[in-house]
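Visitor: Could you have a look at this structure, given as structure tokens, before my questions?
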Amino acid sequence: MAEKNRKAKKKAKLNIRPITNSAASPLPRVPASSSSPLVGVVMGSQSDWETMRHADETLTQFGVNHVCRVISAHRSPSLASEFASTAETEGFEVIIGAAGGAAHLAGVLAAHTTLPVLGVPMKSDALNGLDSLLSTVQMPGGIPVATFAIGKAGAVNAALFAVAILANTRPELRKKLHRFREAQEAKIRGTVL
Ligand code: RP5
């Protein structure tokens with residue numbers, strides 16, 4: 001049985017498809033690495049990239065292999081379902097879902113996977129992101145989405161939280177998180193106005 005599981009796992013690994021965005025989308029991209037990505041950063045629109053690039057930069061800072069993709073729960077519902085349903089076998093360990101307005105993306109992703117889904121509400125024109133926040137956070141019991149702050153702080157913190165999850169089984173990431181906190185504090189201690 002163990003041998004069968006090992007073979008199935010190996011096969012799933014070999015079947016990993018490179019996840020790329022359409023050529024028309026210049027920003028979200030697959031980072032240059034041969035190992036499979038651990039974090040999927042998914043956003044509802046390319047217009048979310050200006051905020052979500054901060055999640056991308058934070059994950060890159062920690063050396064975490066990840067992909068950034070535009071997938072809309074409303075405009076490309078089948079793709080959202082396909083991405084989340086296959087995420088676990090693709091080797092992802094955490095998904096970050098960011099959307100604005102009627103922000104159902106993180107919830108829809110969470111409905112199709114048991115991987116941890118971290119939601120980032122985008123600041124919206126109409127209601128400054130309060131709509132996004134409530135749409136993301138008010139999940140029905142049974143399908144959890146860990147929701148972060150609206151905008152840049154949420155994007156950075158979702159990435160840091162993803163690193164913290166991965167660090168549970170990766171001591172080198174835990175060390176990096178400690179160093180990050182120390183550097184952050186040292187910067188404040190060294191600030192004299
Ligand atoms: C949401 O609608 C997206 O996540 C974005 O925040 C918002 C507006 O999208 P665009 O009209 O700019 O594509 O689905």
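The way I read the labels, and the way they are meant: chains A, B, ... in the order of the structure tokens, residue 1 as the first residue of every chain, and ligand 1 as the first ligand shown, with later ones counted on from there.
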Using only C-alpha atoms and all ligand atoms, what table do you get, as CSV, when you list each residue of chain A with an atom no more than 9 Å from ligand 1, its nearest pair of atoms, and their distance in Å rounded to one decimal, rows by chain then rising number?
Guide:
```
residue,atom,partner,partner_atom_place_in_ligand_line,distance
A:Met43,CA,ligand 1,4 (O),5.8
A:Gly44,CA,ligand 1,4 (O),3.5
A:Ser45,CA,ligand 1,3 (C),4.5
A:Gln46,CA,ligand 1,13 (O),6.4
A:Ser47,CA,ligand 1,12 (O),4.7
A:Asp48,CA,ligand 1,6 (O),5.4
A:Val70,CA,ligand 1,4 (O),8.7
A:Ile71,CA,ligand 1,4 (O),8.7
A:Ser72,CA,ligand 1,14 (O),5.9
A:Ala73,CA,ligand 1,14 (O),7.3
A:His74,CA,ligand 1,14 (O),7.0
A:Arg75,CA,ligand 1,14 (O),7.8
A:Ala98,CA,ligand 1,4 (O),6.3
A:Ala99,CA,ligand 1,4 (O),3.3
A:Gly100,CA,ligand 1,6 (O),3.4
A:Gly101,CA,ligand 1,2 (O),5.5
A:Ala102,CA,ligand 1,1 (C),6.9
A:Ala103,CA,ligand 1,1 (C),6.2
A:His104,CA,ligand 1,14 (O),8.0
A:Leu105,CA,ligand 1,14 (O),7.7
A:Pro121,CA,ligand 1,6 (O),8.1
A:Met122,CA,ligand 1,6 (O),5.6
A:Lys123,CA,ligand 1,6 (O),7.4
A:Ser124,CA,ligand 1,6 (O),6.7
A:Asp125,CA,ligand 1,8 (C),8.9
A:Ser132,CA,ligand 1,6 (O),8.1
```
Visitor: Near segment 166-175 of chain A, counting only C-alpha atoms, which residues have an atom at most 12 Å away, once you skip same-chain residues fewer than 2 positions from it, shown as a count of residues only?
Guide: 27
Visitor: Tell me, as a list in words, which residues lie within 8 Å of segment 87-89 of chain A, counting only C-alpha atoms; anything in the same chain fewer than 2 positions away does not count.
Guide: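 The filter keeps Ala12, Lys13, Phe83, Ala84, Ser85, Gly91, Phe92, Glu93, Thr113 and Leu115 of chain A.
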Visitor: Please extract the residues of segment 88-186 of chain A with a backbone DSSP assignment of helix (DSSP H, G or I) and present them as a PyMOL selection string.
Guide: chain A and resi 88-90+105-111+130-137+152-167+171-186
Visitor: Report as a ChimeraX atom specification: the residues of segment 13-173 of chain A with a DSSP assignment of strand (DSSP E), based on the backbone of this structure.
Guide: /A:39-43,66-70,94-99,117-121,146-147
Visitor: Please provide the set of residues having any atom within 7 Å of segment 109-112 of chain A, restricted to only C-alpha atoms, with same-chain residues fewer than 5 positions apart removed, written as a compact mmCIF listing (two decimals) with C-alpha atoms, in the first residue's frame.
Guide:
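Below is the file selection_19.txt, written as the result:
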```
# COMPACT_ATOMS: atom_id res chain seq x y z
CA ALA A 80 -10.96 29.06 -10.29
CA SER A 81 -12.46 25.66 -9.54
CA ALA A 84 -8.10 25.08 -6.40
CA SER A 85 -9.15 21.45 -6.98
CA VAL A 117 -6.57 29.83 1.93
CA ILE A 143 -15.21 26.62 4.74
CA PRO A 144 -12.53 28.78 6.38
CA VAL A 145 -10.71 31.71 4.81
```
